[in-house]
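One file, target13.csv, carrying CSV, C-alpha atoms:
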chain,number,residue,atom,x,y,z
A,1,MET,CA,135.8,-24.6,42.0
A,2,ALA,CA,133.5,-22.1,40.3
A,3,ASP,CA,135.2,-19.3,38.3
A,4,LEU,CA,132.5,-16.9,39.5
A,5,SER,CA,130.1,-17.2,42.4
A,6,LEU,CA,127.5,-14.7,43.5
A,7,GLU,CA,125.7,-15.4,46.8
A,8,SER,CA,122.6,-13.3,47.7
A,9,VAL,CA,124.0,-10.2,46.0
A,10,THR,CA,121.8,-7.1,46.4
A,11,LYS,CA,122.2,-3.6,45.0
A,12,ARG,CA,119.8,-0.7,45.5
A,13,PHE,CA,119.9,2.9,44.2
A,14,GLY,CA,117.8,4.8,46.7
A,15,ALA,CA,114.4,3.1,46.8
A,16,HIS,CA,115.0,1.3,43.5
A,17,ARG,CA,115.8,-2.4,43.7
A,18,ALA,CA,118.3,-2.9,40.9
A,19,VAL,CA,119.5,-6.4,42.0
A,20,GLU,CA,117.9,-8.5,44.7
A,21,ARG,CA,119.5,-11.5,46.3
A,22,ALA,CA,121.1,-12.8,43.1
A,23,ASP,CA,122.7,-16.3,43.3
A,24,LEU,CA,124.8,-17.5,40.3
A,25,ARG,CA,127.7,-19.8,39.8
A,26,LEU,CA,129.8,-20.2,36.6
A,27,GLN,CA,132.2,-23.0,36.1
A,28,SER,CA,135.5,-22.5,34.2
A,29,GLY,CA,134.9,-22.1,30.5
A,30,GLU,CA,131.2,-21.6,30.8
A,31,PHE,CA,129.3,-19.1,28.7
A,32,VAL,CA,126.3,-17.6,30.6
A,33,ALA,CA,123.9,-15.0,29.2
A,34,LEU,CA,122.1,-12.5,31.5
A,35,LEU,CA,118.8,-11.9,29.7
A,36,GLY,CA,115.8,-9.7,30.4
A,37,PRO,CA,113.9,-6.6,29.4
A,38,SER,CA,115.4,-3.1,29.7
A,39,GLY,CA,115.8,-2.1,33.4
A,40,CYS,CA,115.7,-5.6,34.8
A,41,GLY,CA,119.1,-5.2,36.5
A,42,LYS,CA,121.3,-7.3,34.2
A,43,THR,CA,123.9,-4.5,33.4
A,44,THR,CA,124.0,-3.6,37.1
A,45,LEU,CA,124.8,-7.2,37.9
A,46,LEU,CA,127.6,-7.2,35.3
A,47,ARG,CA,129.0,-4.0,36.8
A,48,LEU,CA,128.9,-5.6,40.3
A,49,ILE,CA,131.0,-8.5,38.9
A,50,ALA,CA,133.4,-6.1,37.2
A,51,GLY,CA,133.9,-4.1,40.3
A,52,PHE,CA,132.4,-0.8,39.0
A,53,GLU,CA,129.6,-1.1,41.7
A,54,ALA,CA,129.7,-2.4,45.2
A,55,PRO,CA,127.0,-4.7,46.7
A,56,ASP,CA,124.8,-3.6,49.5
A,57,ALA,CA,124.5,-7.2,50.6
A,58,GLY,CA,125.9,-10.6,49.6
A,59,THR,CA,129.3,-11.9,48.4
A,60,ILE,CA,131.0,-12.1,45.0
A,61,ARG,CA,133.9,-14.6,44.6
A,62,LEU,CA,136.3,-15.0,41.7
A,63,ARG,CA,138.3,-18.3,41.5
A,64,GLY,CA,137.4,-18.9,45.2
A,65,GLU,CA,138.7,-15.5,46.3
A,66,THR,CA,136.2,-13.0,47.8
A,67,VAL,CA,136.3,-9.8,45.8
A,68,ALA,CA,133.3,-8.0,47.0
A,69,THR,CA,131.1,-7.7,50.1
A,70,PRO,CA,129.4,-4.6,51.7
A,71,GLU,CA,132.5,-4.2,53.9
A,72,GLY,CA,135.0,-3.9,51.0
A,73,ALA,CA,135.9,-4.8,47.4
A,74,VAL,CA,138.9,-5.6,45.3
A,75,PRO,CA,139.2,-2.8,42.6
A,76,PRO,CA,138.3,-3.7,39.0
A,77,GLU,CA,141.9,-3.6,37.8
A,78,ALA,CA,143.0,-6.2,40.3
A,79,ARG,CA,140.2,-8.8,39.4
A,80,GLN,CA,141.7,-10.1,36.1
A,81,VAL,CA,138.4,-9.4,34.4
A,82,ALA,CA,138.0,-7.9,31.0
A,83,MET,CA,134.9,-6.1,29.8
A,84,VAL,CA,133.6,-5.4,26.2
A,85,PHE,CA,131.2,-2.5,26.0
A,86,GLN,CA,128.3,-1.8,23.7
A,87,ALA,CA,130.0,1.4,22.4
A,88,TYR,CA,133.4,-0.4,21.8
A,89,ALA,CA,135.3,2.4,23.7
A,90,LEU,CA,138.2,2.5,21.2
A,91,TRP,CA,140.8,5.3,21.3
A,92,PRO,CA,140.2,7.3,18.0
A,93,HIS,CA,143.7,8.6,17.8
A,94,MET,CA,145.3,5.1,18.1
A,95,SER,CA,145.7,2.5,15.4
A,96,VAL,CA,144.0,-0.9,15.8
A,97,ALA,CA,147.3,-2.4,17.1
A,98,GLU,CA,147.8,0.4,19.5
A,99,ASN,CA,144.3,0.1,20.9
A,100,VAL,CA,144.8,-3.7,21.4
A,101,GLY,CA,148.2,-3.2,23.1
A,102,TYR,CA,147.5,-0.2,25.2
A,103,ALA,CA,146.7,-2.0,28.4
A,104,LEU,CA,149.8,-4.2,27.9
A,105,LYS,CA,151.9,-1.1,27.5
A,106,LEU,CA,150.6,0.3,30.8
A,107,ARG,CA,151.5,-2.9,32.5
A,108,GLY,CA,155.1,-2.5,31.3
A,109,LEU,CA,155.2,-5.5,29.0
A,110,PRO,CA,158.3,-5.3,26.8
A,111,ALA,CA,157.7,-4.1,23.3
A,112,THR,CA,158.6,-7.3,21.6
A,113,ALA,CA,156.4,-9.4,23.8
A,114,ARG,CA,153.7,-6.8,23.5
A,115,GLN,CA,153.8,-6.9,19.7
A,116,GLU,CA,153.7,-10.7,19.6
A,117,ARG,CA,150.6,-10.7,21.9
A,118,VAL,CA,148.8,-8.0,19.9
A,119,THR,CA,149.5,-9.8,16.6
A,120,ALA,CA,148.3,-13.1,18.0
A,121,CYS,CA,145.0,-11.5,19.3
A,122,LEU,CA,144.4,-9.7,16.0
A,123,GLU,CA,144.9,-13.0,14.1
A,124,THR,CA,142.4,-14.7,16.5
A,125,VAL,CA,139.7,-12.2,15.5
A,126,GLY,CA,140.8,-12.1,11.8
A,127,LEU,CA,142.1,-8.5,11.8
A,128,ALA,CA,145.9,-8.8,11.6
A,129,HIS,CA,145.8,-7.2,8.1
A,130,LEU,CA,144.2,-4.0,9.6
A,131,ALA,CA,146.6,-3.5,12.4
A,132,ASP,CA,147.7,0.0,11.2
A,133,ARG,CA,144.2,1.4,10.6
A,134,ARG,CA,142.4,3.9,12.8
A,135,PRO,CA,138.9,3.0,14.2
A,136,GLU,CA,137.1,5.5,12.0
A,137,ALA,CA,138.2,3.5,8.9
A,138,LEU,CA,136.6,0.3,10.2
A,139,SER,CA,133.0,-1.1,10.0
A,140,GLY,CA,130.9,-1.7,13.1
A,141,GLY,CA,131.7,-5.4,13.1
A,142,GLN,CA,135.4,-4.7,12.7
A,143,ARG,CA,135.4,-2.3,15.6
A,144,GLN,CA,133.7,-4.9,17.7
A,145,ARG,CA,136.4,-7.4,16.8
A,146,VAL,CA,139.1,-4.9,17.8
A,147,ALA,CA,137.3,-4.5,21.2
A,148,LEU,CA,137.4,-8.3,21.5
A,149,ALA,CA,141.1,-8.5,20.6
A,150,ARG,CA,141.9,-5.9,23.2
A,151,CYS,CA,139.9,-7.9,25.7
A,152,LEU,CA,141.7,-11.1,24.9
A,153,ALA,CA,145.1,-9.4,25.0
A,154,SER,CA,144.9,-9.0,28.7
A,155,ASP,CA,144.5,-12.8,29.1
A,156,PRO,CA,141.5,-12.4,31.5
A,157,SER,CA,140.1,-15.2,33.6
A,158,LEU,CA,136.6,-13.8,33.0
A,159,VAL,CA,135.2,-11.9,30.0
A,160,LEU,CA,132.2,-9.6,30.6
A,161,LEU,CA,130.2,-8.4,27.5
A,162,ASP,CA,127.6,-5.7,27.9
A,163,GLU,CA,125.2,-5.9,24.9
A,164,PRO,CA,128.2,-5.9,22.5
A,165,LEU,CA,126.0,-6.4,19.3
A,166,ALA,CA,123.3,-3.9,20.1
A,167,ASN,CA,124.7,-1.3,17.7
A,168,LEU,CA,125.1,-3.6,14.7
A,169,ASP,CA,122.5,-4.4,12.0
A,170,ALA,CA,120.9,-7.8,11.7
A,171,HIS,CA,123.4,-9.2,9.2
A,172,LEU,CA,126.4,-8.2,11.3
A,173,ARG,CA,124.8,-9.4,14.5
A,174,GLU,CA,124.5,-12.9,13.0
A,175,GLU,CA,128.0,-12.7,11.7
A,176,MET,CA,129.3,-11.7,15.1
A,177,GLN,CA,127.4,-14.4,16.9
A,178,VAL,CA,129.3,-16.9,14.8
A,179,GLU,CA,132.5,-15.1,15.8
A,180,PHE,CA,131.6,-15.2,19.5
A,181,ARG,CA,130.9,-18.9,19.4
A,182,ARG,CA,134.2,-19.5,17.6
A,183,LEU,CA,136.2,-17.4,20.1
A,184,HIS,CA,134.6,-19.0,23.1
A,185,ARG,CA,135.3,-22.5,21.7
A,186,GLU,CA,139.0,-21.6,20.8
A,187,THR,CA,139.9,-19.6,23.9
A,188,GLY,CA,137.9,-21.6,26.5
A,189,ALA,CA,137.3,-18.3,28.3
A,190,THR,CA,134.6,-18.0,30.9
A,191,MET,CA,132.1,-15.4,29.6
A,192,VAL,CA,129.1,-13.5,31.0
A,193,TYR,CA,127.1,-11.9,28.2
A,194,VAL,CA,124.3,-9.3,28.8
A,195,THR,CA,121.6,-9.0,26.2
A,196,HIS,CA,117.9,-8.2,25.9
A,197,ASP,CA,117.7,-10.3,22.7
A,198,GLN,CA,116.5,-13.8,23.6
A,199,ALA,CA,117.4,-15.2,20.2
A,200,GLU,CA,121.0,-14.0,20.7
A,201,ALA,CA,121.1,-15.5,24.2
A,202,MET,CA,119.7,-18.8,23.2
A,203,ALA,CA,122.1,-19.1,20.2
A,204,LEU,CA,125.3,-18.3,22.2
A,205,ALA,CA,125.0,-19.4,25.8
A,206,ASP,CA,125.5,-22.7,27.6
A,207,ARG,CA,123.1,-21.4,30.2
A,208,VAL,CA,120.8,-18.4,30.4
A,209,ALA,CA,119.9,-16.4,33.5
A,210,VAL,CA,116.6,-14.6,33.0
A,211,MET,CA,116.1,-11.5,35.1
A,212,ASP,CA,113.1,-9.4,35.9
A,213,ARG,CA,112.9,-6.4,38.2
A,214,GLY,CA,116.2,-7.2,39.8
A,215,VAL,CA,115.5,-10.9,40.5
A,216,ILE,CA,117.0,-13.9,38.7
A,217,GLN,CA,113.9,-15.8,37.7
A,218,GLN,CA,115.6,-19.0,36.3
A,219,VAL,CA,119.0,-20.2,35.3
A,220,ALA,CA,119.0,-23.1,32.8
A,221,PRO,CA,120.3,-24.3,29.4
A,222,PRO,CA,118.4,-22.6,26.5
A,223,ARG,CA,116.3,-25.7,25.6
A,224,GLU,CA,115.2,-26.2,29.2
A,225,LEU,CA,114.2,-22.5,29.5
A,226,TYR,CA,112.0,-22.9,26.4
A,227,ALA,CA,110.5,-26.2,27.2
A,228,ARG,CA,110.2,-26.0,31.1
A,229,PRO,CA,109.9,-22.3,32.2
A,230,ALA,CA,109.8,-22.0,36.0
A,231,THR,CA,107.8,-18.8,36.3
A,232,GLU,CA,105.1,-16.9,34.5
A,233,MET,CA,107.6,-14.2,33.5
A,234,VAL,CA,110.0,-16.7,31.9
A,235,ALA,CA,107.2,-18.5,30.1
A,236,ARG,CA,105.9,-15.2,28.6
A,237,PHE,CA,109.3,-13.6,27.8
A,238,ILE,CA,110.9,-16.7,26.2
A,239,GLY,CA,109.5,-17.7,22.9
A,240,GLN,CA,106.1,-15.9,23.1
A,241,GLY,CA,104.7,-18.3,25.6
A,242,LEU,CA,100.9,-18.5,25.9
A,243,LEU,CA,99.6,-18.9,29.4
A,244,LEU,CA,96.0,-20.3,29.9
A,245,PRO,CA,94.0,-21.1,33.0
A,246,GLY,CA,93.2,-24.8,33.2
A,247,ARG,CA,92.5,-27.7,35.6
A,248,LEU,CA,94.4,-31.0,36.1
A,249,ARG,CA,92.4,-34.2,35.9
A,250,GLY,CA,94.2,-36.9,37.7
A,251,ALA,CA,97.7,-37.6,39.0
A,252,ALA,CA,100.8,-37.1,36.9
A,253,SER,CA,102.4,-40.3,35.5
A,254,GLU,CA,105.9,-40.5,33.9
A,255,GLY,CA,106.1,-36.7,33.6
A,256,ARG,CA,102.6,-36.4,31.9
A,257,VAL,CA,99.3,-35.3,33.2
A,258,LEU,CA,95.8,-34.8,31.7
A,259,ALA,CA,94.7,-31.1,31.7
A,260,GLU,CA,91.5,-29.4,30.7
A,261,ILE,CA,91.5,-26.0,28.9
A,262,PHE,CA,88.1,-24.5,28.1
A,263,GLY,CA,86.6,-28.0,28.2
A,264,LEU,CA,89.3,-29.5,25.9
A,265,GLN,CA,91.4,-32.2,27.4
A,266,ILE,CA,95.1,-32.5,26.4
A,267,ALA,CA,98.2,-34.4,27.7
A,268,CYS,CA,100.7,-32.0,29.3
A,269,ARG,CA,104.2,-32.3,30.5
A,270,SER,CA,104.6,-31.8,34.3
A,271,ASP,CA,107.4,-32.0,36.8
A,272,ASP,CA,105.8,-31.5,40.2
A,273,GLY,CA,103.5,-34.5,40.3
A,274,ARG,CA,100.3,-32.6,41.0
A,275,GLY,CA,96.9,-34.1,40.5
A,276,ASP,CA,93.4,-32.6,40.4
A,277,GLY,CA,93.2,-28.8,40.8
A,278,PRO,CA,93.7,-25.5,39.0
A,279,ALA,CA,96.9,-24.9,37.1
A,280,THR,CA,98.5,-22.6,34.5
A,281,ILE,CA,99.2,-24.3,31.2
A,282,VAL,CA,102.0,-22.9,29.0
A,283,LEU,CA,101.6,-23.4,25.2
A,284,ARG,CA,104.0,-22.4,22.4
A,285,PRO,CA,103.0,-21.2,19.0
A,286,GLU,CA,104.4,-24.3,17.3
A,287,THR,CA,102.2,-26.5,19.5
A,288,LEU,CA,99.0,-25.0,18.0
A,289,GLU,CA,97.6,-26.2,14.6
A,290,LEU,CA,94.7,-24.9,12.6
A,291,ALA,CA,91.7,-27.2,11.8
A,292,PRO,CA,88.2,-26.7,10.5
A,293,TYR,CA,85.7,-25.3,12.9
A,294,GLU,CA,84.0,-27.9,15.1
A,295,THR,CA,86.6,-30.6,14.4
A,296,PRO,CA,86.5,-33.0,17.3
A,297,GLY,CA,89.3,-32.4,19.8
A,298,THR,CA,89.9,-28.8,18.9
A,299,LEU,CA,89.4,-25.4,20.6
A,300,PRO,CA,86.9,-23.1,18.8
A,301,ALA,CA,88.5,-19.7,18.1
A,302,ARG,CA,88.2,-16.7,15.8
A,303,VAL,CA,91.1,-15.4,13.7
A,304,THR,CA,91.8,-11.7,14.5
A,305,ALA,CA,95.0,-11.1,12.5
A,306,THR,CA,97.5,-12.7,10.1
A,307,THR,CA,101.0,-11.8,9.0
A,308,PHE,CA,102.9,-13.4,6.2
A,309,ARG,CA,106.4,-14.4,7.3
A,310,GLY,CA,107.7,-16.1,4.1
A,311,ASP,CA,108.0,-19.7,5.3
A,312,HIS,CA,104.8,-19.5,7.4
A,313,THR,CA,102.0,-17.2,8.4
A,314,SER,CA,101.7,-15.8,11.9
A,315,VAL,CA,98.1,-16.2,13.1
A,316,GLU,CA,96.5,-14.4,16.0
A,317,ALA,CA,93.3,-16.0,17.3
A,318,VAL,CA,91.0,-15.6,20.3
A,319,PRO,CA,89.1,-18.6,21.9
A,320,LEU,CA,85.4,-18.2,21.6
A,321,ALA,CA,85.1,-19.2,25.3
A,322,ASP,CA,87.2,-16.2,26.4
A,323,PRO,CA,87.9,-13.5,23.7
A,324,SER,CA,90.2,-11.6,26.1
A,325,ILE,CA,92.9,-14.3,25.6
A,326,ARG,CA,95.2,-13.9,22.5
A,327,LEU,CA,96.7,-17.0,21.0
A,328,LEU,CA,99.6,-17.0,18.5
A,329,LEU,CA,100.4,-19.8,16.2
A,330,ARG,CA,102.5,-20.5,13.0
A,331,SER,CA,100.7,-22.0,10.1
A,332,PRO,CA,101.4,-22.9,6.5
A,333,GLN,CA,97.8,-21.8,5.8
A,334,ASP,CA,96.6,-18.2,5.4
A,335,PRO,CA,93.2,-18.0,7.1
A,336,ALA,CA,90.9,-15.1,6.6
A,337,VAL,CA,90.6,-12.6,9.4
A,338,GLY,CA,87.3,-13.1,11.1
A,339,ALA,CA,87.1,-16.8,10.2
A,340,THR,CA,86.0,-19.2,12.9
A,341,VAL,CA,88.5,-22.1,13.2
A,342,GLY,CA,89.4,-25.0,15.4
A,343,LEU,CA,92.8,-25.1,17.2
A,344,ARG,CA,94.4,-28.4,17.8
A,345,ILE,CA,96.8,-28.4,20.8
A,346,GLY,CA,99.7,-30.8,20.5
A,347,ASP,CA,101.5,-30.2,23.8
A,348,GLY,CA,101.5,-28.1,26.9
A,349,TRP,CA,103.6,-27.5,30.0
A,350,VAL,CA,102.2,-27.3,33.5
A,351,LEU,CA,103.7,-24.3,35.2
A,352,PRO,CA,105.3,-25.4,38.5
A,353,GLN,CA,103.1,-24.9,41.6
A,354,ALA,CA,105.6,-22.4,43.1
A,355,ALA,CA,104.5,-20.0,40.3
A,356,GLU,CA,101.1,-18.5,41.1
A,357,PRO,CA,98.4,-19.9,38.8
A,358,LEU,CA,96.2,-17.7,36.7
A,359,SER,CA,92.6,-17.4,37.9
A,360,GLY,CA,90.0,-19.3,35.9
Kindly transcribe the structure held in the file into structure tokens.
Amino acid sequence: MADLSLESVTKRFGAHRAVERADLRLQSGEFVALLGPSGCGKTTLLRLIAGFEAPDAGTIRLRGETVATPEGAVPPEARQVAMVFQAYALWPHMSVAENVGYALKLRGLPATARQERVTACLETVGLAHLADRRPEALSGGQRQRVALARCLASDPSLVLLDEPLANLDAHLREEMQVEFRRLHRETGATMVYVTHDQAEAMALADRVAVMDRGVIQQVAPPRELYARPATEMVARFIGQGLLLPGRLRGAASEGRVLAEIFGLQIACRSDDGRGDGPATIVLRPETLELAPYETPGTLPARVTATTFRGDHTSVEAVPLADPSIRLLLRSPQDPAVGATVGLRIGDGWVLPQAAEPLSG
């Protein structure tokens, strides 16, 4: 039985479509990230799961029990769901221990049992030694750990996290990613994690649900999302995908098909068995390699920008056949801006036929 199930869940605010016919299932102990650009509906979907919003259509179930339909909903406090907010939401006049134990106190848990539970949760997040401090005396990372401990103290069946690392600097975000992975591994809790940071989602989640304009575009493990995007939006949003118009030349065999891009033939991965005809080819920056101009088997291009990144140089180039298309690649070389080069293409992915191909 799924811990969480959403079936055709829809939410609108006036004429605005915040969430449209969302389908999602989480198994017990799974970590799923809701990923997408600002305004795509991911936080609204999280609030629907928590019970802070009611669906206009569809059904939400927790552990097999229906908790929300347009006809009625179980209130948030009765769902056994905990939520960690971006702004931590700690009581400033309470100590760390009092913040963590506040909900347990409201439930009427005896003081001794409450103290044991608070201590255990603070030890889990490595803050037992700071139990008597106030939130203003803590760093951003420590405050986030307090919010996590408070969440764990309620022993929820489902943990919802709304961009919990957005207010932290890059170093602390990496540190807290390690902490989230450890907590998920040790607690076995089912988690739904909202973020607009794809690196964060790919590093943390078992599966990622990519959203755009209220619609879940694709739900898949991170490696599959990157290697086999199902839509143009996913291909562009994940990993700086490059989409080029091309044509297939012959039937697919063993997951590969010959494709032609600006007259250059390359072997591409394909799942839908298509043969001759137009197609959209997805390339990744690491599949492109610089070569001298007019090297056989390369695509002629002109370098328009370079950026030194330490271990590599990011290169922007435009094909001579169509200067309106911008290609990105990573190179150990540092070519001169304006130089004419050849681009060797090592791999490509044929966007599934259900996704509308580019013209060309």
Practice problem: Have a look at A:Gln240, A:Thr10, A:Thr124, A:Thr280 and name the one nearest to Ala68 (chain A); count only C-alpha atoms. | Solution: A:Thr10
Near region 170-194 of chain A, 8 Å: region 16-116 of chain A residue rows, closest pairs, only C-alpha atoms, as a Markdown table:
| residue | atom | partner | partner_atom | distance |
| --- | --- | --- | --- | --- |
| A:Leu26 | CA | A:Thr190 | CA | 7.8 |
| A:Gln27 | CA | A:Thr190 | CA | 7.6 |
| A:Ser28 | CA | A:Thr190 | CA | 5.7 |
| A:Gly29 | CA | A:Thr190 | CA | 4.1 |
| A:Glu30 | CA | A:Thr190 | CA | 5.0 |
| A:Phe31 | CA | A:Met191 | CA | 4.7 |
| A:Val32 | CA | A:Val192 | CA | 5.0 |
| A:Ala33 | CA | A:Tyr193 | CA | 4.6 |
| A:Leu34 | CA | A:Val194 | CA | 4.7 |
| A:Leu35 | CA | A:Val194 | CA | 6.1 |
| A:Lys42 | CA | A:Val194 | CA | 6.5 |
| A:Thr43 | CA | A:Val194 | CA | 6.7 |
| A:Leu46 | CA | A:Val194 | CA | 7.6 |
Quiz item: Thr231 (chain A): which residues within 12 Å, counting all atoms listed in the file, same-chain residues fewer than 4 positions away excluded, as a list in words?
Solution: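 The contact residues come out as Val210, Met211, Asp212, Val215, Ile216, Gln217, Gln218, Val219, Leu225, Tyr226, Ala235, Arg236, Phe237, Ile238, Gly241, Leu243, Thr280, Ile281, Val282, Trp349, Val350, Leu351, Pro352, Gln353, Ala354, Ala355, Glu356, Pro357 and Leu358 of chain A.
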Quiz item: Which is closer to Ala57 (chain A) than all the others in A:His129, A:Lys105, A:Lys11, A:Arg117, using only C-alpha atoms?
Solution: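 Of A:His129, A:Lys105, A:Lys11, A:Arg117, the one nearest Ala57 (chain A), counting only C-alpha atoms, is A:Lys11.
Straight-line separation from CA of Ala89 (chain A) to CA of Arg145 (chain A): 12.0 Å.
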Exercise. Can you pull out every residue within 12 Å of region 321-331 of chain A, counting all atoms listed in the file, but drop anything in the same chain fewer than 4 positions away, and send it as a PyMOL selection string?
Key: chain A and resi 239-245+261-264+282-291+299-317+335+343-346+360
Self-check item: Selected residue, from A:Arg134, A:Arg256, A:Arg25, A:Arg63, that lies nearest to Leu6 (chain A) when counting only C-alpha atoms
Solution: A:Arg25
Exercise. Skip Val118 (chain A) itself and residues of its chain fewer than 3 positions away, then list as a PyMOL selection string all residues within 10 Å of it, counting all atoms listed in the file.
Key: chain A and resi 96-102+104+112-115+121-124+128+131+149-150+152-154
Quiz item: Using only C-alpha atoms, which of the listed residues (A:Val67, A:Ala111, A:Ala82, A:Met202) sits closest to Leu161 (chain A)?
Solution: A:Ala82
